[in-house]
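Presented below is the structure to which this report refers.
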Amino acid sequence: MKFFVDTADIDAIRELNDLGMVDGVTTNPSLILKSGRDILEATKEICDLVDGPVSAEVVAIDFDQMLKEGEHLASIADNVCVKVPMTWAGLRVCKLLSDAGTAVNVTLCFSANQALLAAKAGASYVSPFIGRLDDINVDGMDLIRDIREIYDNYDIQTEILAASIRSANHMKEAALIGADVATAPPKVIQDMIKHPLTQAGLDQFVKDAQQAGIRIV
Ligand code: G3P
């Protein structure tokens with residue numbers, strides 16, 4: 001499973017990228033707001049830093065303006081992936097940009113039927129939102145499972161980009177189901193290393209090494 005980092009915070013991206021943990025980046029208007037950055041500048045900077053796709057989201061909801069925005073975002077760098085909403089206008093933009101060779105991520109996916117439509121429109125990625133379904137007491141992982149099964153039934157190449165990931169457990173579940181990609185905030189990726197037995201074991205080894213006077217270099 002590829003790891004995308006879901007943030008526009010360049011320092012956080014750099015830190016994880018240096019560890020080889022970043023296969024791509026996703027942003028959205030809320031993350032741009034949080035970063036306090038200009039979307040065009042931030043997108044360019046992130047694209048220069050990471051090798052993988054960087055999703056940058058349009059803000060228009062009407063087709064003409066959305067297409068203009070998508071084309072402009074795509075012109076920032078070769079690794080921009082234009083993110084469009086799951087609307088008919090978004091799918092029209094997706095089809096046009098995909099046909100022209102631009103990667104498109106269709107976001108705000110909350111049903112398997114929506115994921116089928118995104119694939120038909122040529123999306124490179126579809127983003128089902130796990131956490132937001134969990135928020136309304138619907139199991140977000142069931143959606144990932146359904147889309148995986150449907151895409152596999154027809155050998156659909158659109159990648160399932162599990163989004164709205166809120167915990168390290170979500171990462172594990174998405175990987176078990178076979179999501180192609182999971183995009184998560186930096187903290188969730190950092191949390192994946194945590195286990196109380198690892199810490200307890202390390203504490204004991206440090207203590208015993210001191211008692212034994214072990215010195216290696
Ligand atoms: O990738 C989409 C993500 O940014 C949304 O996450 O936690 O706001 O539902 P959340």
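A note on labels: chains of the structure tokens are A, B, ... as shown, every chain counts residues from 1, and ligands are counted from 1 in their shown order.
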Which chain A residues have any atom within 8 Å of an atom of ligand 1, and for each, what is the nearest pair of atoms with distance in Å to one decimal, counting only C-alpha atoms and all ligand atoms, rows sorted by chain and number, as JSON lines?
{"residue": "A:Asp6", "atom": "CA", "partner": "ligand 1", "partner_atom_place_in_ligand_line": "1 (O)", "distance": 5.8}
{"residue": "A:Thr7", "atom": "CA", "partner": "ligand 1", "partner_atom_place_in_ligand_line": "4 (O)", "distance": 7.5}
{"residue": "A:Thr26", "atom": "CA", "partner": "ligand 1", "partner_atom_place_in_ligand_line": "1 (O)", "distance": 6.6}
{"residue": "A:Thr27", "atom": "CA", "partner": "ligand 1", "partner_atom_place_in_ligand_line": "4 (O)", "distance": 6.8}
{"residue": "A:Asn28", "atom": "CA", "partner": "ligand 1", "partner_atom_place_in_ligand_line": "4 (O)", "distance": 6.5}
{"residue": "A:Ser30", "atom": "CA", "partner": "ligand 1", "partner_atom_place_in_ligand_line": "4 (O)", "distance": 7.6}
{"residue": "A:Leu31", "atom": "CA", "partner": "ligand 1", "partner_atom_place_in_ligand_line": "4 (O)", "distance": 7.0}
{"residue": "A:Thr107", "atom": "CA", "partner": "ligand 1", "partner_atom_place_in_ligand_line": "2 (C)", "distance": 7.8}
{"residue": "A:Leu108", "atom": "CA", "partner": "ligand 1", "partner_atom_place_in_ligand_line": "2 (C)", "distance": 7.8}
{"residue": "A:Ser127", "atom": "CA", "partner": "ligand 1", "partner_atom_place_in_ligand_line": "1 (O)", "distance": 7.2}
{"residue": "A:Phe129", "atom": "CA", "partner": "ligand 1", "partner_atom_place_in_ligand_line": "2 (C)", "distance": 6.4}
{"residue": "A:Ile130", "atom": "CA", "partner": "ligand 1", "partner_atom_place_in_ligand_line": "9 (O)", "distance": 7.5}
{"residue": "A:Gly131", "atom": "CA", "partner": "ligand 1", "partner_atom_place_in_ligand_line": "9 (O)", "distance": 5.4}
{"residue": "A:Arg132", "atom": "CA", "partner": "ligand 1", "partner_atom_place_in_ligand_line": "9 (O)", "distance": 5.0}
{"residue": "A:Ala162", "atom": "CA", "partner": "ligand 1", "partner_atom_place_in_ligand_line": "1 (O)", "distance": 7.7}
{"residue": "A:Ala163", "atom": "CA", "partner": "ligand 1", "partner_atom_place_in_ligand_line": "1 (O)", "distance": 4.2}
{"residue": "A:Ser164", "atom": "CA", "partner": "ligand 1", "partner_atom_place_in_ligand_line": "6 (O)", "distance": 3.5}
{"residue": "A:Ile165", "atom": "CA", "partner": "ligand 1", "partner_atom_place_in_ligand_line": "7 (O)", "distance": 6.3}
{"residue": "A:Arg166", "atom": "CA", "partner": "ligand 1", "partner_atom_place_in_ligand_line": "7 (O)", "distance": 6.1}
{"residue": "A:Thr183", "atom": "CA", "partner": "ligand 1", "partner_atom_place_in_ligand_line": "1 (O)", "distance": 6.1}
{"residue": "A:Ala184", "atom": "CA", "partner": "ligand 1", "partner_atom_place_in_ligand_line": "1 (O)", "distance": 7.0}
{"residue": "A:Pro185", "atom": "CA", "partner": "ligand 1", "partner_atom_place_in_ligand_line": "4 (O)", "distance": 7.7}
Would you mind exporting the chosen residues as a PDB file, in the first residue's frame, restricted to N, CA and C atoms?
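Heads up, here's the output in selection_35.pdb:
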ATOM      1  N   ASP A   6      -1.381  13.488   4.037  1.00  0.00           N
ATOM      2  CA  ASP A   6      -2.547  14.353   3.845  1.00  0.00           C
ATOM      3  C   ASP A   6      -2.318  15.666   4.586  1.00  0.00           C
ATOM      4  N   THR A   7      -1.556  16.544   3.956  1.00  0.00           N
ATOM      5  CA  THR A   7      -1.215  17.810   4.602  1.00  0.00           C
ATOM      6  C   THR A   7      -0.616  18.760   3.578  1.00  0.00           C
ATOM      7  N   THR A  26      -1.559  14.554  -0.534  1.00  0.00           N
ATOM      8  CA  THR A  26      -2.892  15.064  -0.875  1.00  0.00           C
ATOM      9  C   THR A  26      -3.137  16.336  -0.074  1.00  0.00           C
ATOM     10  N   THR A  27      -3.775  17.289  -0.743  1.00  0.00           N
ATOM     11  CA  THR A  27      -4.188  18.502  -0.038  1.00  0.00           C
ATOM     12  C   THR A  27      -5.655  18.745  -0.390  1.00  0.00           C
ATOM     13  N   ASN A  28      -6.259  19.633   0.344  1.00  0.00           N
ATOM     14  CA  ASN A  28      -7.623  20.076   0.025  1.00  0.00           C
ATOM     15  C   ASN A  28      -7.757  21.503   0.541  1.00  0.00           C
ATOM     16  N   SER A  30      -9.319  22.806   2.962  1.00  0.00           N
ATOM     17  CA  SER A  30      -9.227  22.927   4.427  1.00  0.00           C
ATOM     18  C   SER A  30      -7.773  22.822   4.877  1.00  0.00           C
ATOM     19  N   LEU A  31      -6.998  21.955   4.244  1.00  0.00           N
ATOM     20  CA  LEU A  31      -5.580  21.801   4.619  1.00  0.00           C
ATOM     21  C   LEU A  31      -4.773  23.010   4.169  1.00  0.00           C
ATOM     22  N   THR A 107     -12.648  13.157  -5.378  1.00  0.00           N
ATOM     23  CA  THR A 107     -12.715  13.161  -3.910  1.00  0.00           C
ATOM     24  C   THR A 107     -14.156  13.219  -3.412  1.00  0.00           C
ATOM     25  N   LEU A 108     -14.292  13.080  -2.104  1.00  0.00           N
ATOM     26  CA  LEU A 108     -15.605  13.089  -1.449  1.00  0.00           C
ATOM     27  C   LEU A 108     -16.462  11.921  -1.938  1.00  0.00           C
ATOM     28  N   SER A 127     -11.193   8.791  -3.993  1.00  0.00           N
ATOM     29  CA  SER A 127     -10.924   8.961  -2.558  1.00  0.00           C
ATOM     30  C   SER A 127     -12.160   8.714  -1.704  1.00  0.00           C
ATOM     31  N   PHE A 129     -13.920   8.410   1.777  1.00  0.00           N
ATOM     32  CA  PHE A 129     -13.618   9.040   3.073  1.00  0.00           C
ATOM     33  C   PHE A 129     -14.061   8.120   4.213  1.00  0.00           C
ATOM     34  N   ILE A 130     -13.112   7.485   4.835  1.00  0.00           N
ATOM     35  CA  ILE A 130     -13.424   6.515   5.886  1.00  0.00           C
ATOM     36  C   ILE A 130     -13.948   7.192   7.154  1.00  0.00           C
ATOM     37  N   GLY A 131     -13.150   8.115   7.693  1.00  0.00           N
ATOM     38  CA  GLY A 131     -13.483   8.712   8.995  1.00  0.00           C
ATOM     39  C   GLY A 131     -14.827   9.413   9.000  1.00  0.00           C
ATOM     40  N   ARG A 132     -15.135  10.082   7.881  1.00  0.00           N
ATOM     41  CA  ARG A 132     -16.410  10.816   7.868  1.00  0.00           C
ATOM     42  C   ARG A 132     -17.611   9.878   7.830  1.00  0.00           C
ATOM     43  N   ALA A 162      -7.639   5.451   0.032  1.00  0.00           N
ATOM     44  CA  ALA A 162      -8.397   5.564   1.287  1.00  0.00           C
ATOM     45  C   ALA A 162      -8.047   6.890   1.965  1.00  0.00           C
ATOM     46  N   ALA A 163      -9.079   7.702   2.223  1.00  0.00           N
ATOM     47  CA  ALA A 163      -8.864   9.048   2.768  1.00  0.00           C
ATOM     48  C   ALA A 163      -9.692   9.233   4.040  1.00  0.00           C
ATOM     49  N   SER A 164      -9.525  10.416   4.622  1.00  0.00           N
ATOM     50  CA  SER A 164     -10.172  10.695   5.907  1.00  0.00           C
ATOM     51  C   SER A 164      -9.779   9.606   6.911  1.00  0.00           C
ATOM     52  N   ILE A 165      -8.500   9.309   6.914  1.00  0.00           N
ATOM     53  CA  ILE A 165      -7.948   8.303   7.829  1.00  0.00           C
ATOM     54  C   ILE A 165      -7.599   9.001   9.137  1.00  0.00           C
ATOM     55  N   ARG A 166      -8.071   8.438  10.218  1.00  0.00           N
ATOM     56  CA  ARG A 166      -7.928   9.136  11.497  1.00  0.00           C
ATOM     57  C   ARG A 166      -7.028   8.415  12.491  1.00  0.00           C
ATOM     58  N   THR A 183      -4.096   7.831   2.409  1.00  0.00           N
ATOM     59  CA  THR A 183      -3.552   9.156   2.706  1.00  0.00           C
ATOM     60  C   THR A 183      -3.911   9.513   4.132  1.00  0.00           C
ATOM     61  N   ALA A 184      -2.900   9.898   4.901  1.00  0.00           N
ATOM     62  CA  ALA A 184      -3.116  10.118   6.331  1.00  0.00           C
ATOM     63  C   ALA A 184      -2.352  11.346   6.790  1.00  0.00           C
ATOM     64  N   PRO A 185      -2.867  12.009   7.835  1.00  0.00           N
ATOM     65  CA  PRO A 185      -2.123  13.126   8.419  1.00  0.00           C
ATOM     66  C   PRO A 185      -0.784  12.606   8.968  1.00  0.00           C
TER      67      PRO A 185
END
Could you give me, as a ChimeraX atom specification, the residues within 9 Å of Asp9 of chain A, counting only C-alpha atoms and dropping anything in the same chain fewer than 6 positions from it?
/A:31-32,34-35,37,42,46
I need the strand (DSSP E or B) residues of segment 46-97 of chain A per DSSP on the backbone, written as number ranges by chain.
A: 54-57, 80-85
For segment 167-180 of chain A, please output as number ranges by chain all residues within 6 Å (counting only C-alpha atoms; exclusion window: fewer than 6 positions along the same chain).
A: 1, 145, 159-160, 188, 192
Taking only segment 25-184 of chain A into account, list the residues labelled alpha helix (DSSP H) by DSSP (computed from the backbone), as a count of residues only.
81
Residues near Leu73 of chain A, cut-off 12 Å, only C-alpha atoms, skip fewer than 2 positions along chain, as a PDB file with N, CA, C and O atoms, in the first residue's frame:
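Result written to selection.pdb:
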ATOM      1  N   ILE A  39      -2.197  28.503  -2.301  1.00  0.00           N
ATOM      2  CA  ILE A  39      -2.290  27.145  -2.875  1.00  0.00           C
ATOM      3  C   ILE A  39      -1.281  26.903  -3.997  1.00  0.00           C
ATOM      4  O   ILE A  39      -0.668  25.832  -4.080  1.00  0.00           O
ATOM      5  N   LEU A  40      -1.084  27.917  -4.841  1.00  0.00           N
ATOM      6  CA  LEU A  40      -0.197  27.699  -5.995  1.00  0.00           C
ATOM      7  C   LEU A  40       1.254  27.550  -5.529  1.00  0.00           C
ATOM      8  O   LEU A  40       1.978  26.659  -5.991  1.00  0.00           O
ATOM      9  N   GLU A  41       1.659  28.424  -4.593  1.00  0.00           N
ATOM     10  CA  GLU A  41       3.040  28.347  -4.079  1.00  0.00           C
ATOM     11  C   GLU A  41       3.277  27.041  -3.326  1.00  0.00           C
ATOM     12  O   GLU A  41       4.292  26.371  -3.499  1.00  0.00           O
ATOM     13  N   ALA A  42       2.321  26.709  -2.458  1.00  0.00           N
ATOM     14  CA  ALA A  42       2.486  25.490  -1.646  1.00  0.00           C
ATOM     15  C   ALA A  42       2.536  24.262  -2.547  1.00  0.00           C
ATOM     16  O   ALA A  42       3.374  23.368  -2.364  1.00  0.00           O
ATOM     17  N   THR A  43       1.658  24.218  -3.552  1.00  0.00           N
ATOM     18  CA  THR A  43       1.625  23.051  -4.447  1.00  0.00           C
ATOM     19  C   THR A  43       2.947  22.908  -5.187  1.00  0.00           C
ATOM     20  O   THR A  43       3.505  21.810  -5.297  1.00  0.00           O
ATOM     21  N   LYS A  44       3.470  24.043  -5.675  1.00  0.00           N
ATOM     22  CA  LYS A  44       4.746  23.991  -6.410  1.00  0.00           C
ATOM     23  C   LYS A  44       5.863  23.466  -5.498  1.00  0.00           C
ATOM     24  O   LYS A  44       6.666  22.611  -5.890  1.00  0.00           O
ATOM     25  N   CYS A  47       5.451  19.791  -4.863  1.00  0.00           N
ATOM     26  CA  CYS A  47       5.770  19.023  -6.087  1.00  0.00           C
ATOM     27  C   CYS A  47       7.273  18.929  -6.309  1.00  0.00           C
ATOM     28  O   CYS A  47       7.775  17.918  -6.799  1.00  0.00           O
ATOM     29  N   VAL A  54       0.936  14.729  -6.376  1.00  0.00           N
ATOM     30  CA  VAL A  54       0.512  15.709  -5.362  1.00  0.00           C
ATOM     31  C   VAL A  54      -0.881  16.189  -5.746  1.00  0.00           C
ATOM     32  O   VAL A  54      -1.042  16.895  -6.751  1.00  0.00           O
ATOM     33  N   SER A  55      -1.878  15.800  -4.960  1.00  0.00           N
ATOM     34  CA  SER A  55      -3.248  16.212  -5.274  1.00  0.00           C
ATOM     35  C   SER A  55      -3.492  17.642  -4.839  1.00  0.00           C
ATOM     36  O   SER A  55      -3.272  17.993  -3.676  1.00  0.00           O
ATOM     37  N   ALA A  56      -3.941  18.446  -5.788  1.00  0.00           N
ATOM     38  CA  ALA A  56      -4.317  19.840  -5.502  1.00  0.00           C
ATOM     39  C   ALA A  56      -5.758  20.002  -5.975  1.00  0.00           C
ATOM     40  O   ALA A  56      -6.086  19.628  -7.109  1.00  0.00           O
ATOM     41  N   GLU A  57      -6.587  20.558  -5.112  1.00  0.00           N
ATOM     42  CA  GLU A  57      -8.036  20.514  -5.363  1.00  0.00           C
ATOM     43  C   GLU A  57      -8.573  21.813  -5.960  1.00  0.00           C
ATOM     44  O   GLU A  57      -8.221  22.911  -5.504  1.00  0.00           O
ATOM     45  N   VAL A  58      -9.446  21.661  -6.934  1.00  0.00           N
ATOM     46  CA  VAL A  58     -10.154  22.818  -7.480  1.00  0.00           C
ATOM     47  C   VAL A  58     -11.115  23.353  -6.414  1.00  0.00           C
ATOM     48  O   VAL A  58     -11.480  22.627  -5.492  1.00  0.00           O
ATOM     49  N   VAL A  59     -11.521  24.621  -6.606  1.00  0.00           N
ATOM     50  CA  VAL A  59     -12.493  25.172  -5.645  1.00  0.00           C
ATOM     51  C   VAL A  59     -13.821  25.542  -6.313  1.00  0.00           C
ATOM     52  O   VAL A  59     -14.831  25.691  -5.635  1.00  0.00           O
ATOM     53  N   MET A  66     -14.247  25.185 -13.157  1.00  0.00           N
ATOM     54  CA  MET A  66     -13.509  24.038 -12.601  1.00  0.00           C
ATOM     55  C   MET A  66     -12.470  23.534 -13.604  1.00  0.00           C
ATOM     56  O   MET A  66     -11.341  23.199 -13.234  1.00  0.00           O
ATOM     57  N   LEU A  67     -12.861  23.502 -14.873  1.00  0.00           N
ATOM     58  CA  LEU A  67     -11.922  23.031 -15.893  1.00  0.00           C
ATOM     59  C   LEU A  67     -10.717  23.979 -15.979  1.00  0.00           C
ATOM     60  O   LEU A  67      -9.565  23.535 -16.036  1.00  0.00           O
ATOM     61  N   LYS A  68     -11.006  25.285 -15.955  1.00  0.00           N
ATOM     62  CA  LYS A  68      -9.899  26.270 -16.001  1.00  0.00           C
ATOM     63  C   LYS A  68      -8.969  26.066 -14.818  1.00  0.00           C
ATOM     64  O   LYS A  68      -7.742  26.072 -14.966  1.00  0.00           O
ATOM     65  N   GLU A  69      -9.559  25.923 -13.648  1.00  0.00           N
ATOM     66  CA  GLU A  69      -8.733  25.718 -12.443  1.00  0.00           C
ATOM     67  C   GLU A  69      -7.910  24.436 -12.552  1.00  0.00           C
ATOM     68  O   GLU A  69      -6.730  24.411 -12.212  1.00  0.00           O
ATOM     69  N   GLY A  70      -8.567  23.384 -13.028  1.00  0.00           N
ATOM     70  CA  GLY A  70      -7.871  22.099 -13.150  1.00  0.00           C
ATOM     71  C   GLY A  70      -6.688  22.205 -14.092  1.00  0.00           C
ATOM     72  O   GLY A  70      -5.597  21.695 -13.810  1.00  0.00           O
ATOM     73  N   GLU A  71      -6.906  22.884 -15.211  1.00  0.00           N
ATOM     74  CA  GLU A  71      -5.813  23.036 -16.188  1.00  0.00           C
ATOM     75  C   GLU A  71      -4.683  23.877 -15.603  1.00  0.00           C
ATOM     76  O   GLU A  71      -3.509  23.594 -15.820  1.00  0.00           O
ATOM     77  N   SER A  75      -0.757  22.681 -14.701  1.00  0.00           N
ATOM     78  CA  SER A  75       0.407  23.318 -15.340  1.00  0.00           C
ATOM     79  C   SER A  75       1.516  23.630 -14.330  1.00  0.00           C
ATOM     80  O   SER A  75       2.626  23.994 -14.713  1.00  0.00           O
ATOM     81  N   ILE A  76       1.232  23.468 -13.037  1.00  0.00           N
ATOM     82  CA  ILE A  76       2.229  23.808 -12.007  1.00  0.00           C
ATOM     83  C   ILE A  76       3.433  22.871 -12.067  1.00  0.00           C
ATOM     84  O   ILE A  76       4.582  23.292 -11.962  1.00  0.00           O
ATOM     85  N   ALA A  77       3.168  21.579 -12.236  1.00  0.00           N
ATOM     86  CA  ALA A  77       4.269  20.599 -12.266  1.00  0.00           C
ATOM     87  C   ALA A  77       3.741  19.308 -12.877  1.00  0.00           C
ATOM     88  O   ALA A  77       2.528  19.071 -12.888  1.00  0.00           O
ATOM     89  N   ASP A  78       4.661  18.487 -13.347  1.00  0.00           N
ATOM     90  CA  ASP A  78       4.250  17.227 -13.986  1.00  0.00           C
ATOM     91  C   ASP A  78       3.580  16.272 -13.005  1.00  0.00           C
ATOM     92  O   ASP A  78       2.804  15.400 -13.410  1.00  0.00           O
ATOM     93  N   ASN A  79       3.933  16.394 -11.715  1.00  0.00           N
ATOM     94  CA  ASN A  79       3.365  15.442 -10.751  1.00  0.00           C
ATOM     95  C   ASN A  79       2.129  15.966 -10.021  1.00  0.00           C
ATOM     96  O   ASN A  79       1.722  15.394  -9.010  1.00  0.00           O
ATOM     97  N   VAL A  80       1.525  17.038 -10.542  1.00  0.00           N
ATOM     98  CA  VAL A  80       0.245  17.468  -9.958  1.00  0.00           C
ATOM     99  C   VAL A  80      -0.840  16.483 -10.371  1.00  0.00           C
ATOM    100  O   VAL A  80      -0.914  16.062 -11.521  1.00  0.00           O
ATOM    101  N   CYS A  81      -1.666  16.132  -9.396  1.00  0.00           N
ATOM    102  CA  CYS A  81      -2.855  15.324  -9.652  1.00  0.00           C
ATOM    103  C   CYS A  81      -4.032  16.238  -9.305  1.00  0.00           C
ATOM    104  O   CYS A  81      -4.131  16.714  -8.171  1.00  0.00           O
ATOM    105  N   VAL A  82      -4.874  16.502 -10.270  1.00  0.00           N
ATOM    106  CA  VAL A  82      -5.968  17.454 -10.034  1.00  0.00           C
ATOM    107  C   VAL A  82      -7.094  16.747  -9.281  1.00  0.00           C
ATOM    108  O   VAL A  82      -7.555  15.675  -9.685  1.00  0.00           O
ATOM    109  N   LYS A  83      -7.491  17.376  -8.177  1.00  0.00           N
ATOM    110  CA  LYS A  83      -8.546  16.776  -7.359  1.00  0.00           C
ATOM    111  C   LYS A  83      -9.862  17.489  -7.648  1.00  0.00           C
ATOM    112  O   LYS A  83      -9.927  18.727  -7.578  1.00  0.00           O
ATOM    113  N   VAL A  84     -10.876  16.712  -7.975  1.00  0.00           N
ATOM    114  CA  VAL A  84     -12.192  17.292  -8.284  1.00  0.00           C
ATOM    115  C   VAL A  84     -13.245  16.627  -7.396  1.00  0.00           C
ATOM    116  O   VAL A  84     -13.077  15.475  -6.991  1.00  0.00           O
ATOM    117  N   LEU A  97      -9.664  16.010 -18.440  1.00  0.00           N
ATOM    118  CA  LEU A  97      -8.255  16.076 -18.024  1.00  0.00           C
ATOM    119  C   LEU A  97      -7.584  14.705 -18.157  1.00  0.00           C
ATOM    120  O   LEU A  97      -6.434  14.616 -18.598  1.00  0.00           O
ATOM    121  N   THR A 102      -3.690  14.057 -17.836  1.00  0.00           N
ATOM    122  CA  THR A 102      -3.487  14.552 -16.470  1.00  0.00           C
ATOM    123  C   THR A 102      -4.098  13.573 -15.471  1.00  0.00           C
ATOM    124  O   THR A 102      -5.215  13.084 -15.681  1.00  0.00           O
ATOM    125  N   ALA A 103      -3.375  13.311 -14.394  1.00  0.00           N
ATOM    126  CA  ALA A 103      -3.919  12.450 -13.344  1.00  0.00           C
ATOM    127  C   ALA A 103      -5.003  13.201 -12.576  1.00  0.00           C
ATOM    128  O   ALA A 103      -4.834  14.387 -12.253  1.00  0.00           O
ATOM    129  N   VAL A 104      -6.097  12.511 -12.294  1.00  0.00           N
ATOM    130  CA  VAL A 104      -7.210  13.142 -11.569  1.00  0.00           C
ATOM    131  C   VAL A 104      -7.611  12.254 -10.394  1.00  0.00           C
ATOM    132  O   VAL A 104      -7.661  11.024 -10.503  1.00  0.00           O
TER     133      VAL A 104
END
